[in-house]
>>> print(open('input29.csv').read())   # CSV, C-alpha atoms
chain,number,residue,atom,x,y,z
A,1,MET,CA,10.7,-55.5,-54.6
A,2,LYS,CA,11.8,-53.3,-57.4
A,3,VAL,CA,8.3,-51.9,-57.8
A,4,LEU,CA,8.2,-50.9,-54.1
A,5,CYS,CA,11.6,-49.2,-54.1
A,6,PHE,CA,10.6,-47.3,-57.2
A,7,ALA,CA,7.3,-46.2,-55.6
A,8,SER,CA,9.2,-45.0,-52.5
A,9,LEU,CA,11.7,-43.0,-54.6
A,10,LEU,CA,8.8,-41.3,-56.4
A,11,ALA,CA,7.1,-40.3,-53.1
A,12,LEU,CA,10.4,-38.9,-51.8
A,13,ALA,CA,11.0,-36.9,-54.9
A,14,SER,CA,7.5,-35.5,-54.9
A,15,ALA,CA,8.0,-34.3,-51.3
A,16,PHE,CA,10.9,-32.1,-52.4
A,17,THR,CA,9.1,-30.8,-55.4
A,18,SER,CA,8.1,-27.1,-55.0
A,19,GLN,CA,4.4,-26.7,-55.3
A,20,PRO,CA,2.2,-23.7,-54.5
A,21,ILE,CA,0.6,-23.8,-51.1
A,22,THR,CA,-3.2,-23.8,-51.3
A,23,LYS,CA,-5.3,-22.6,-48.5
A,24,ALA,CA,-8.4,-24.5,-47.4
A,25,PRO,CA,-11.6,-22.6,-47.7
A,26,LEU,CA,-12.9,-21.1,-44.5
A,27,VAL,CA,-16.3,-22.2,-43.6
A,28,GLU,CA,-18.0,-19.9,-41.1
A,29,THR,CA,-21.0,-21.4,-39.3
A,30,GLY,CA,-23.0,-20.4,-36.3
A,31,ASP,CA,-21.8,-23.5,-34.3
A,32,ALA,CA,-18.1,-22.9,-35.1
A,33,HIS,CA,-17.5,-20.5,-32.2
A,34,ARG,CA,-19.6,-22.5,-29.7
A,35,THR,CA,-17.8,-25.8,-30.4
A,36,ARG,CA,-14.4,-24.4,-30.7
A,37,ARG,CA,-12.1,-25.4,-27.8
A,38,ALA,CA,-9.4,-23.4,-26.2
A,39,THR,CA,-5.9,-23.8,-27.6
A,40,ILE,CA,-3.9,-26.2,-25.5
A,41,VAL,CA,-0.5,-24.8,-24.9
A,42,HIS,CA,2.1,-27.3,-23.9
A,43,ASP,CA,4.4,-24.8,-22.2
A,44,GLY,CA,5.8,-25.1,-18.7
A,45,LYS,CA,5.5,-21.4,-17.8
A,46,ALA,CA,1.8,-21.1,-19.0
A,47,ASN,CA,0.8,-24.3,-17.2
A,48,ALA,CA,2.4,-23.0,-14.0
A,49,ILE,CA,0.5,-19.7,-14.2
A,50,ARG,CA,-2.7,-21.5,-14.9
A,51,ASP,CA,-2.3,-23.7,-11.8
A,52,ARG,CA,-1.5,-20.6,-9.8
A,53,ILE,CA,-4.7,-18.9,-11.0
A,54,VAL,CA,-6.8,-21.9,-9.8
A,55,THR,CA,-5.0,-21.8,-6.4
A,56,VAL,CA,-5.6,-18.0,-6.0
A,57,LYS,CA,-9.3,-18.3,-6.9
A,58,ASN,CA,-9.7,-21.1,-4.4
A,59,THR,CA,-8.0,-19.0,-1.7
A,60,LYS,CA,-10.4,-16.2,-2.5
A,61,LYS,CA,-13.4,-18.5,-1.9
A,62,ILE,CA,-12.0,-19.5,1.5
A,63,THR,CA,-11.4,-15.9,2.6
A,64,MET,CA,-14.9,-14.8,1.5
A,65,ALA,CA,-16.4,-17.7,3.5
A,66,MET,CA,-14.3,-16.7,6.6
A,67,LYS,CA,-15.6,-13.1,6.2
A,68,LEU,CA,-19.2,-14.3,6.2
A,69,VAL,CA,-18.6,-16.5,9.2
A,70,ALA,CA,-17.1,-13.6,11.1
A,71,ALA,CA,-20.1,-11.5,10.2
A,72,ALA,CA,-22.5,-14.1,11.6
A,73,LYS,CA,-20.5,-14.2,14.8
A,74,VAL,CA,-20.6,-10.4,15.1
A,75,ARG,CA,-24.4,-10.6,15.0
A,76,ARG,CA,-24.3,-13.3,17.7
A,77,ALA,CA,-22.1,-11.1,19.9
A,78,GLN,CA,-24.6,-8.3,19.3
A,79,ASP,CA,-27.4,-10.5,20.6
A,80,ALA,CA,-25.4,-11.4,23.6
A,81,VAL,CA,-24.8,-7.8,24.5
A,82,LEU,CA,-28.5,-7.1,24.2
A,83,ALA,CA,-29.4,-10.1,26.3
A,84,THR,CA,-27.2,-8.9,29.2
A,85,ARG,CA,-28.4,-5.3,29.0
A,86,PRO,CA,-31.5,-5.7,31.3
A,87,PHE,CA,-29.5,-7.2,34.1
A,88,SER,CA,-26.8,-4.5,34.1
A,89,GLU,CA,-29.5,-1.8,33.8
A,90,THR,CA,-31.4,-3.1,36.8
A,91,LEU,CA,-28.2,-3.5,38.8
A,92,GLN,CA,-27.2,0.1,38.0
A,93,SER,CA,-30.7,1.4,38.9
A,94,VAL,CA,-30.8,-0.4,42.3
A,95,PHE,CA,-27.2,0.7,43.1
A,96,GLY,CA,-28.2,4.3,42.3
A,97,GLY,CA,-31.3,4.1,44.5
A,98,LEU,CA,-29.4,2.7,47.4
A,99,ILE,CA,-26.7,5.5,47.1
A,100,GLU,CA,-29.5,8.1,47.2
A,101,ARG,CA,-31.2,6.3,50.2
A,102,ILE,CA,-27.9,6.4,52.2
A,103,GLY,CA,-27.5,10.1,51.3
A,104,GLY,CA,-24.5,11.8,52.7
A,105,GLU,CA,-23.4,8.9,54.9
A,106,SER,CA,-19.9,7.7,54.4
A,107,ILE,CA,-19.6,4.3,52.8
A,108,ASP,CA,-16.8,2.2,54.2
A,109,LEU,CA,-16.5,-0.7,51.8
A,110,PRO,CA,-13.3,-2.5,50.7
A,111,LEU,CA,-14.2,-2.3,47.0
A,112,LEU,CA,-14.8,1.5,47.2
A,113,THR,CA,-11.7,2.3,49.3
A,114,VAL,CA,-8.8,3.9,47.5
A,115,ARG,CA,-5.4,2.9,48.8
A,116,GLU,CA,-1.9,4.1,48.3
A,117,VAL,CA,-0.9,2.5,45.0
A,118,LYS,CA,2.2,0.3,45.5
A,119,LYS,CA,1.2,-2.6,43.3
A,120,VAL,CA,-1.0,-2.8,40.2
A,121,THR,CA,-2.5,-5.8,38.5
A,122,ILE,CA,-3.1,-5.5,34.8
A,123,CYS,CA,-5.8,-7.6,33.2
A,124,CYS,CA,-5.2,-7.9,29.5
A,125,ILE,CA,-7.8,-9.3,27.0
A,126,THR,CA,-6.6,-10.6,23.6
A,127,GLY,CA,-7.8,-13.2,21.2
A,128,ASP,CA,-7.2,-16.9,20.9
A,129,ARG,CA,-6.8,-16.8,17.1
A,130,GLY,CA,-5.0,-14.9,14.4
A,131,LEU,CA,-6.0,-13.7,10.9
A,132,CYS,CA,-7.5,-10.6,12.4
A,133,GLY,CA,-5.2,-7.9,11.2
A,134,GLY,CA,-3.5,-5.8,14.0
A,135,TYR,CA,-6.1,-6.6,16.7
A,136,ASN,CA,-3.8,-8.7,18.9
A,137,SER,CA,-0.6,-6.8,18.3
A,138,MET,CA,-2.2,-3.4,19.1
A,139,MET,CA,-3.5,-4.7,22.4
A,140,ILE,CA,-0.2,-6.3,23.3
A,141,LYS,CA,1.8,-3.2,22.5
A,142,LYS,CA,-0.5,-1.0,24.6
A,143,THR,CA,-0.3,-3.4,27.5
A,144,GLU,CA,3.5,-3.6,27.3
A,145,ALA,CA,3.7,0.3,27.2
A,146,ARG,CA,1.5,0.5,30.3
A,147,PHE,CA,3.5,-2.1,32.1
A,148,LYS,CA,6.7,-0.1,31.4
A,149,GLU,CA,5.1,3.2,32.4
A,150,LEU,CA,4.0,1.8,35.8
A,151,GLU,CA,7.4,0.2,36.4
A,152,SER,CA,9.2,3.5,35.6
A,153,SER,CA,7.0,5.2,38.2
A,154,GLY,CA,8.2,2.8,40.9
A,155,VAL,CA,5.0,0.7,41.0
A,156,GLU,CA,5.2,-3.1,41.1
A,157,VAL,CA,3.2,-4.8,38.4
A,158,ASP,CA,1.8,-8.3,37.7
A,159,MET,CA,-0.6,-9.5,35.1
A,160,VAL,CA,-3.7,-11.5,34.6
A,161,LEU,CA,-4.0,-12.6,30.9
A,162,VAL,CA,-7.1,-13.5,28.9
A,163,GLY,CA,-6.5,-15.0,25.5
A,164,LYS,CA,-4.0,-17.4,24.0
A,165,LYS,CA,-2.1,-14.7,21.9
A,166,GLY,CA,-1.4,-12.5,24.9
A,167,ILE,CA,-0.5,-15.5,27.1
A,168,LYS,CA,2.0,-16.8,24.6
A,169,TYR,CA,3.6,-13.4,24.0
A,170,PHE,CA,4.1,-12.5,27.7
A,171,GLN,CA,5.1,-16.0,28.8
A,172,ASN,CA,7.9,-16.1,26.2
A,173,ARG,CA,9.3,-12.8,27.6
A,174,ASN,CA,9.1,-13.8,31.2
A,175,TYR,CA,6.6,-11.2,32.4
A,176,PRO,CA,5.2,-11.7,35.9
A,177,ILE,CA,1.9,-13.5,35.3
A,178,ARG,CA,-0.5,-14.2,38.1
A,179,LYS,CA,-3.0,-16.3,36.2
A,180,SER,CA,-4.2,-16.8,32.6
A,181,PHE,CA,-7.5,-17.6,31.0
A,182,GLU,CA,-8.6,-18.6,27.5
A,183,CYS,CA,-11.2,-16.5,25.7
A,184,GLY,CA,-13.5,-18.2,23.2
A,185,GLN,CA,-15.6,-16.7,20.5
A,186,ASN,CA,-18.7,-16.7,22.7
A,187,PRO,CA,-17.9,-15.4,26.2
A,188,ASN,CA,-20.4,-16.3,28.9
A,189,SER,CA,-21.0,-15.4,32.5
A,190,LYS,CA,-19.2,-18.5,33.7
A,191,GLU,CA,-15.9,-17.4,32.1
A,192,ALA,CA,-16.4,-13.8,33.4
A,193,LEU,CA,-17.1,-15.1,36.9
A,194,ALA,CA,-13.8,-17.0,37.0
A,195,ILE,CA,-11.9,-13.9,36.0
A,196,SER,CA,-13.8,-11.6,38.4
A,197,GLU,CA,-13.3,-14.0,41.3
A,198,GLU,CA,-9.5,-14.1,40.7
A,199,LEU,CA,-9.4,-10.3,40.6
A,200,LEU,CA,-11.6,-9.8,43.7
A,201,ASN,CA,-9.5,-12.3,45.7
A,202,THR,CA,-6.3,-10.5,44.6
A,203,PHE,CA,-7.6,-7.1,45.7
A,204,LEU,CA,-9.5,-8.1,48.9
A,205,GLY,CA,-6.5,-10.2,50.0
A,206,GLY,CA,-4.3,-7.1,49.9
A,207,GLU,CA,-2.0,-8.5,47.2
A,208,THR,CA,-2.6,-5.5,44.9
A,209,ASP,CA,-3.8,-2.0,45.4
A,210,ALA,CA,-5.5,-1.4,42.0
A,211,ILE,CA,-6.6,-3.4,39.0
A,212,GLU,CA,-6.5,-2.0,35.5
A,213,LEU,CA,-8.4,-3.6,32.6
A,214,MET,CA,-6.9,-3.5,29.1
A,215,TYR,CA,-9.5,-4.3,26.4
A,216,THR,CA,-10.5,-3.3,22.9
A,217,LYS,CA,-13.5,-1.0,22.7
A,218,PHE,CA,-15.7,-1.8,19.7
A,219,LEU,CA,-16.4,1.3,17.6
A,220,SER,CA,-17.4,0.1,14.2
A,221,LEU,CA,-16.5,-2.7,11.6
A,222,ILE,CA,-13.5,-0.7,10.5
A,223,ALA,CA,-12.3,0.9,13.8
A,224,SER,CA,-11.6,-0.3,17.3
A,225,ASN,CA,-9.8,1.4,20.2
A,226,PRO,CA,-7.4,-0.3,22.7
A,227,SER,CA,-8.6,1.1,26.0
A,228,VAL,CA,-7.6,1.0,29.6
A,229,ARG,CA,-9.8,1.6,32.7
A,230,THR,CA,-9.4,1.2,36.4
A,231,LEU,CA,-11.6,-1.7,37.3
A,232,VAL,CA,-11.0,-1.8,41.1
A,233,PRO,CA,-11.4,0.1,43.4
A,234,PHE,CA,-14.9,1.3,42.2
A,235,SER,CA,-16.1,4.8,42.1
A,236,ALA,CA,-19.8,5.1,43.3
A,237,SER,CA,-20.3,8.2,41.1
A,238,GLU,CA,-19.0,6.4,38.0
A,239,ILE,CA,-21.4,3.5,38.5
A,240,THR,CA,-24.5,5.6,39.0
A,241,VAL,CA,-23.9,8.0,36.0
A,242,GLY,CA,-22.1,5.6,33.6
A,243,HIS,CA,-23.7,5.5,30.2
A,244,ASP,CA,-24.2,2.3,28.2
A,245,GLU,CA,-24.0,1.7,24.4
A,246,VAL,CA,-25.2,-1.1,22.3
A,247,PHE,CA,-24.3,-1.9,18.7
A,248,GLU,CA,-26.4,-3.3,15.9
A,249,LEU,CA,-25.1,-5.0,12.7
A,250,THR,CA,-26.9,-3.9,9.6
A,251,SER,CA,-26.6,-4.7,5.9
A,252,ALA,CA,-27.6,-1.5,4.2
A,253,SER,CA,-27.2,-1.4,0.4
A,254,GLY,CA,-25.6,-4.9,0.5
A,255,ASP,CA,-22.7,-3.7,2.7
A,256,PHE,CA,-22.1,-4.6,6.4
A,257,ALA,CA,-22.4,-1.6,8.8
A,258,VAL,CA,-22.8,-1.0,12.5
A,259,GLU,CA,-25.1,1.4,14.2
A,260,ARG,CA,-24.3,2.4,17.8
A,261,LYS,CA,-27.0,3.6,20.3
A,262,ASP,CA,-26.2,5.5,23.5
A,263,LEU,CA,-28.8,4.3,26.0
A,264,GLY,CA,-27.7,6.7,28.7
A,265,ALA,CA,-27.5,6.0,32.4
A,266,ALA,CA,-30.2,4.0,34.2
A,267,GLU,CA,-32.6,6.0,36.4
A,268,PRO,CA,-32.0,5.4,40.1
A,269,GLN,CA,-34.7,3.2,41.6
A,270,GLU,CA,-36.9,5.0,44.1
A,271,PHE,CA,-37.3,3.4,47.5
A,272,PRO,CA,-40.0,4.8,49.8
A,273,ASN,CA,-38.8,6.4,53.0
A,274,ASP,CA,-40.8,4.0,55.1
A,275,MET,CA,-39.3,0.9,53.4
A,276,ILE,CA,-37.5,-1.3,55.9
A,277,PHE,CA,-34.6,-3.3,54.5
A,278,GLU,CA,-33.9,-6.7,56.1
A,279,GLN,CA,-30.2,-6.0,55.7
A,280,ASP,CA,-28.3,-2.7,56.0
A,281,PRO,CA,-28.2,-0.9,52.6
A,282,VAL,CA,-24.4,-0.7,52.9
A,283,GLN,CA,-24.3,-4.5,53.1
A,284,ILE,CA,-26.6,-4.7,50.1
A,285,ILE,CA,-24.3,-2.5,48.1
A,286,ASN,CA,-21.3,-4.6,49.2
A,287,SER,CA,-23.1,-7.7,47.8
A,288,ILE,CA,-24.0,-5.9,44.5
A,289,LEU,CA,-20.5,-4.7,43.7
A,290,PRO,CA,-19.2,-8.2,42.8
A,291,LEU,CA,-22.2,-8.7,40.5
A,292,TYR,CA,-21.4,-5.4,38.9
A,293,LEU,CA,-17.8,-6.3,38.4
A,294,ASN,CA,-18.8,-9.6,36.8
A,295,GLY,CA,-21.1,-7.8,34.4
A,296,GLN,CA,-18.4,-5.3,33.5
A,297,ILE,CA,-15.9,-8.0,32.7
A,298,LEU,CA,-18.5,-9.9,30.6
A,299,ARG,CA,-19.3,-6.7,28.7
A,300,CYS,CA,-15.6,-6.0,28.0
A,301,LEU,CA,-15.1,-9.6,26.9
A,302,GLN,CA,-18.0,-9.2,24.5
A,303,GLU,CA,-16.6,-5.9,23.2
A,304,SER,CA,-13.2,-7.4,22.6
A,305,VAL,CA,-14.6,-10.4,20.8
A,306,ALA,CA,-16.7,-8.1,18.6
A,307,SER,CA,-13.6,-6.1,17.8
A,308,GLU,CA,-11.7,-9.2,16.9
A,309,LEU,CA,-14.4,-10.5,14.6
A,310,ALA,CA,-14.7,-7.1,12.9
A,311,ALA,CA,-11.0,-7.0,12.4
A,312,ARG,CA,-11.2,-10.5,10.9
A,313,MET,CA,-13.9,-9.4,8.6
A,314,GLN,CA,-11.8,-6.5,7.3
A,315,SER,CA,-8.7,-8.7,7.0
A,316,MET,CA,-10.6,-11.3,5.0
A,317,GLN,CA,-12.2,-8.7,2.8
A,318,SER,CA,-8.7,-7.2,2.0
A,319,ALA,CA,-7.4,-10.7,1.4
A,320,SER,CA,-10.3,-11.4,-1.0
A,321,ASP,CA,-9.7,-8.1,-2.9
A,322,ASN,CA,-6.0,-8.9,-3.2
A,323,ALA,CA,-6.7,-12.4,-4.4
A,324,GLY,CA,-9.1,-11.1,-7.1
A,325,GLN,CA,-6.5,-8.5,-8.3
A,326,LEU,CA,-3.8,-11.2,-8.3
A,327,ALA,CA,-6.0,-13.5,-10.3
A,328,ASN,CA,-6.6,-10.8,-12.9
A,329,ASP,CA,-2.9,-10.1,-13.2
A,330,LEU,CA,-2.1,-13.8,-13.5
A,331,SER,CA,-4.8,-14.2,-16.2
A,332,LEU,CA,-3.2,-11.4,-18.2
A,333,GLN,CA,0.2,-13.1,-17.9
A,334,TYR,CA,-1.2,-16.5,-18.9
A,335,ASN,CA,-2.9,-15.0,-22.0
A,336,ARG,CA,0.4,-13.4,-23.0
A,337,ALA,CA,2.3,-16.6,-22.5
A,338,ARG,CA,-0.3,-18.6,-24.5
A,339,GLN,CA,-0.3,-16.0,-27.3
A,340,ALA,CA,3.5,-16.1,-27.4
A,341,ALA,CA,3.5,-19.9,-27.6
A,342,VAL,CA,1.0,-20.0,-30.4
A,343,THR,CA,2.9,-17.3,-32.3
A,344,GLN,CA,6.1,-19.3,-31.9
A,345,GLU,CA,4.4,-22.4,-33.3
A,346,ILE,CA,3.1,-20.5,-36.3
A,347,LEU,CA,6.5,-19.0,-37.0
A,348,GLU,CA,8.0,-22.5,-36.9
A,349,ILE,CA,5.4,-23.8,-39.4
A,350,VAL,CA,6.0,-20.9,-41.7
A,351,SER,CA,9.8,-21.2,-41.5
A,352,GLY,CA,9.5,-25.0,-42.3
A,353,ALA,CA,7.2,-24.3,-45.3
A,354,GLN,CA,9.7,-21.6,-46.6
A,355,ALA,CA,12.5,-24.0,-46.2
A,356,LEU,CA,10.7,-26.6,-48.2
A,357,GLU,CA,10.0,-24.1,-50.9
A,358,GLY,CA,13.6,-23.1,-51.1
>>> encode(input="input29.csv", output="structure tokens")
Amino acid sequence: MKVLCFASLLALASAFTSQPITKAPLVETGDAHRTRRATIVHDGKANAIRDRIVTVKNTKKITMAMKLVAAAKVRRAQDAVLATRPFSETLQSVFGGLIERIGGESIDLPLLTVREVKKVTICCITGDRGLCGGYNSMMIKKTEARFKELESSGVEVDMVLVGKKGIKYFQNRNYPIRKSFECGQNPNSKEALAISEELLNTFLGGETDAIELMYTKFLSLIASNPSVRTLVPFSASEITVGHDEVFELTSASGDFAVERKDLGAAEPQEFPNDMIFEQDPVQIINSILPLYLNGQILRCLQESVASELAARMQSMQSASDNAGQLANDLSLQYNRARQAAVTQEILEIVSGAQALEG
């Protein structure tokens, strides 16, 4: 027992004995840097920043994926526009040929008759989803401004809404809504037919005197224009001379871009003078006009969807750029916090060593 106590006293005394601090020789090898692991900093602030960096980088991956998905859907919308082009071109050509065949005769058709405007129906096309920048808000604001403009002129107004965002906004504010439809990411002729039938029944039934269509015209991947056009009654001259445009998504130099082509108006179809129609040409025109209305609504739906997808592409690209910049800033903060923690530990070790020397 006495021997153990004496050994412990010697060890305690040697601990307080001032001895020079010797440095271990540094051995530099080629594998030293490859096998060296990062300094683990047990600091709450640094760990929180590190976790946030991981979250921001994961968010960037999601936004980039959403951008690529939107780009693929834009190309699908482009293919849909090109697929409907032959039908609309043929319809316009036949209509122009019939108008030339009739010549100067007056055409008394309900869809071509201009009435005294006492009531207007506004058809507004918005999207079903968000995360697309100001696409929905711009369309809603323009529709709201047009509604107030017509009301201030003493014209009664009601609405036909297409898209969940517009439906929710105007329903919550008690606007007069005649009917509402949902608009998916891939509009088809069936959806357009349901909308056109509702508008035709409203106009032919005398419940409204004019129908205005509010939609977003697709210009490019970075620009779109909220537009308004009088849908019904039709103008025969506008149908025959109306130009058509198609857009094509390209990836020049690794960046997405859109090329627009003006296809011009379709040439009127020539009918021989000795051709005998089973029906009167005026009746044929009357049966063509609903098909033309259906095609125009489908085209406007496709343009609006393309504008929404382009806005989503730009929104996701901006979100990805912001996430990358934020990750860089957080990495800089993390490195500073880690350096400060390591410096603090070194200072504590040096202070302890100096205290032992003293």
>>> residues_around(input="input29.csv", residues="Leu161 in chain A", least_positions_apart="5", cutoff="12 Å", atoms="all atoms listed in the file", output="PDB file with C-alpha atoms, in the coordinates of the input")
ATOM      1  CA  THR A 121      -2.500  -5.800  38.500  1.00  0.00           C
ATOM      2  CA  ILE A 122      -3.100  -5.500  34.800  1.00  0.00           C
ATOM      3  CA  CYS A 123      -5.800  -7.600  33.200  1.00  0.00           C
ATOM      4  CA  CYS A 124      -5.200  -7.900  29.500  1.00  0.00           C
ATOM      5  CA  ILE A 125      -7.800  -9.300  27.000  1.00  0.00           C
ATOM      6  CA  THR A 126      -6.600 -10.600  23.600  1.00  0.00           C
ATOM      7  CA  GLY A 127      -7.800 -13.200  21.200  1.00  0.00           C
ATOM      8  CA  ASP A 128      -7.200 -16.900  20.900  1.00  0.00           C
ATOM      9  CA  MET A 139      -3.500  -4.700  22.400  1.00  0.00           C
ATOM     10  CA  ILE A 140      -0.200  -6.300  23.300  1.00  0.00           C
ATOM     11  CA  THR A 143      -0.300  -3.400  27.500  1.00  0.00           C
ATOM     12  CA  GLY A 166      -1.400 -12.500  24.900  1.00  0.00           C
ATOM     13  CA  ILE A 167      -0.500 -15.500  27.100  1.00  0.00           C
ATOM     14  CA  LYS A 168       2.000 -16.800  24.600  1.00  0.00           C
ATOM     15  CA  TYR A 169       3.600 -13.400  24.000  1.00  0.00           C
ATOM     16  CA  PHE A 170       4.100 -12.500  27.700  1.00  0.00           C
ATOM     17  CA  GLN A 171       5.100 -16.000  28.800  1.00  0.00           C
ATOM     18  CA  TYR A 175       6.600 -11.200  32.400  1.00  0.00           C
ATOM     19  CA  PRO A 176       5.200 -11.700  35.900  1.00  0.00           C
ATOM     20  CA  ILE A 177       1.900 -13.500  35.300  1.00  0.00           C
ATOM     21  CA  ARG A 178      -0.500 -14.200  38.100  1.00  0.00           C
ATOM     22  CA  LYS A 179      -3.000 -16.300  36.200  1.00  0.00           C
ATOM     23  CA  SER A 180      -4.200 -16.800  32.600  1.00  0.00           C
ATOM     24  CA  PHE A 181      -7.500 -17.600  31.000  1.00  0.00           C
ATOM     25  CA  GLU A 182      -8.600 -18.600  27.500  1.00  0.00           C
ATOM     26  CA  CYS A 183     -11.200 -16.500  25.700  1.00  0.00           C
ATOM     27  CA  ILE A 195     -11.900 -13.900  36.000  1.00  0.00           C
ATOM     28  CA  GLU A 198      -9.500 -14.100  40.700  1.00  0.00           C
ATOM     29  CA  LEU A 199      -9.400 -10.300  40.600  1.00  0.00           C
ATOM     30  CA  GLU A 212      -6.500  -2.000  35.500  1.00  0.00           C
ATOM     31  CA  LEU A 213      -8.400  -3.600  32.600  1.00  0.00           C
ATOM     32  CA  MET A 214      -6.900  -3.500  29.100  1.00  0.00           C
ATOM     33  CA  TYR A 215      -9.500  -4.300  26.400  1.00  0.00           C
TER      34      TYR A 215
END
>>> closest_residue(input="input29.csv", among="A:Cys132, A:Arg101, A:Glu149, A:Leu293", to="Ile276 in chain A", atoms="only C-alpha atoms")
A:Arg101
>>> residues_around(input="input29.csv", residues="Ala310 in chain A", least_positions_apart="6", cutoff="8 Å", atoms="only C-alpha atoms", output="list in words")
Ala70, Ala71, Val74, Ser220, Leu221 and Ile222 of chain A
>>> atom_distance(input="input29.csv", atom1="CA of Arg299 in chain A", atom2="CA of Val81 in chain A")
7.0 Å
>>> atom_distance(input="input29.csv", atom1="CA of Ser331 in chain A", atom2="CA of Lys60 in chain A")
14.9 Å
>>> closest_residue(input="input29.csv", among="A:Ser196, A:Thr113, A:Thr59, A:Thr202", to="Ser235 in chain A", atoms="all atoms listed in the file")
A:Thr113
>>> atom_distance(input="input29.csv", atom1="CA of Arg52 in chain A", atom2="CA of Asn335 in chain A")
13.5 Å
>>> closest_residue(input="input29.csv", among="A:Ser189, A:Ser304, A:Gln339, A:Ser93", to="Val162 in chain A", atoms="only C-alpha atoms")
A:Ser304
>>> closest_residue(input="input29.csv", among="A:Leu298, A:Leu289, A:Leu91, A:Val120", to="Glu191 in chain A", atoms="all atoms listed in the file")
A:Leu298
>>> closest_residue(input="input29.csv", among="A:Gln314, A:Ser307, A:Asn294, A:Gln325", to="Asn188 in chain A", atoms="all atoms listed in the file")
A:Asn294
>>> residues_around(input="input29.csv", residues="Thr55 in chain A", least_positions_apart="5", cutoff="10 Å", atoms="all atoms listed in the file", output="PDB file with C-alpha atoms, keeping the file's coordinate frame")
ATOM      1  CA  ILE A  49       0.500 -19.700 -14.200  1.00  0.00           C
ATOM      2  CA  ARG A  50      -2.700 -21.500 -14.900  1.00  0.00           C
ATOM      3  CA  LYS A  60     -10.400 -16.200  -2.500  1.00  0.00           C
ATOM      4  CA  ALA A 323      -6.700 -12.400  -4.400  1.00  0.00           C
ATOM      5  CA  ALA A 327      -6.000 -13.500 -10.300  1.00  0.00           C
TER       6      ALA A 327
END
>>> closest_residue(input="input29.csv", among="A:Gly133, A:Leu111, A:Lys67, A:Arg338", to="Gly205 in chain A", atoms="only C-alpha atoms")
A:Leu111
>>> residues_around(input="input29.csv", residues="Leu68 in chain A", least_positions_apart="4", cutoff="12 Å", atoms="all atoms listed in the file", output="list of chain:residue names")
A:Lys61, A:Ile62, A:Thr63, A:Met64, A:Ala72, A:Lys73, A:Val74, A:Arg75, A:Asp255, A:Phe256, A:Leu309, A:Ala310, A:Arg312, A:Met313, A:Gln314, A:Ser315, A:Met316, A:Gln317, A:Ser320
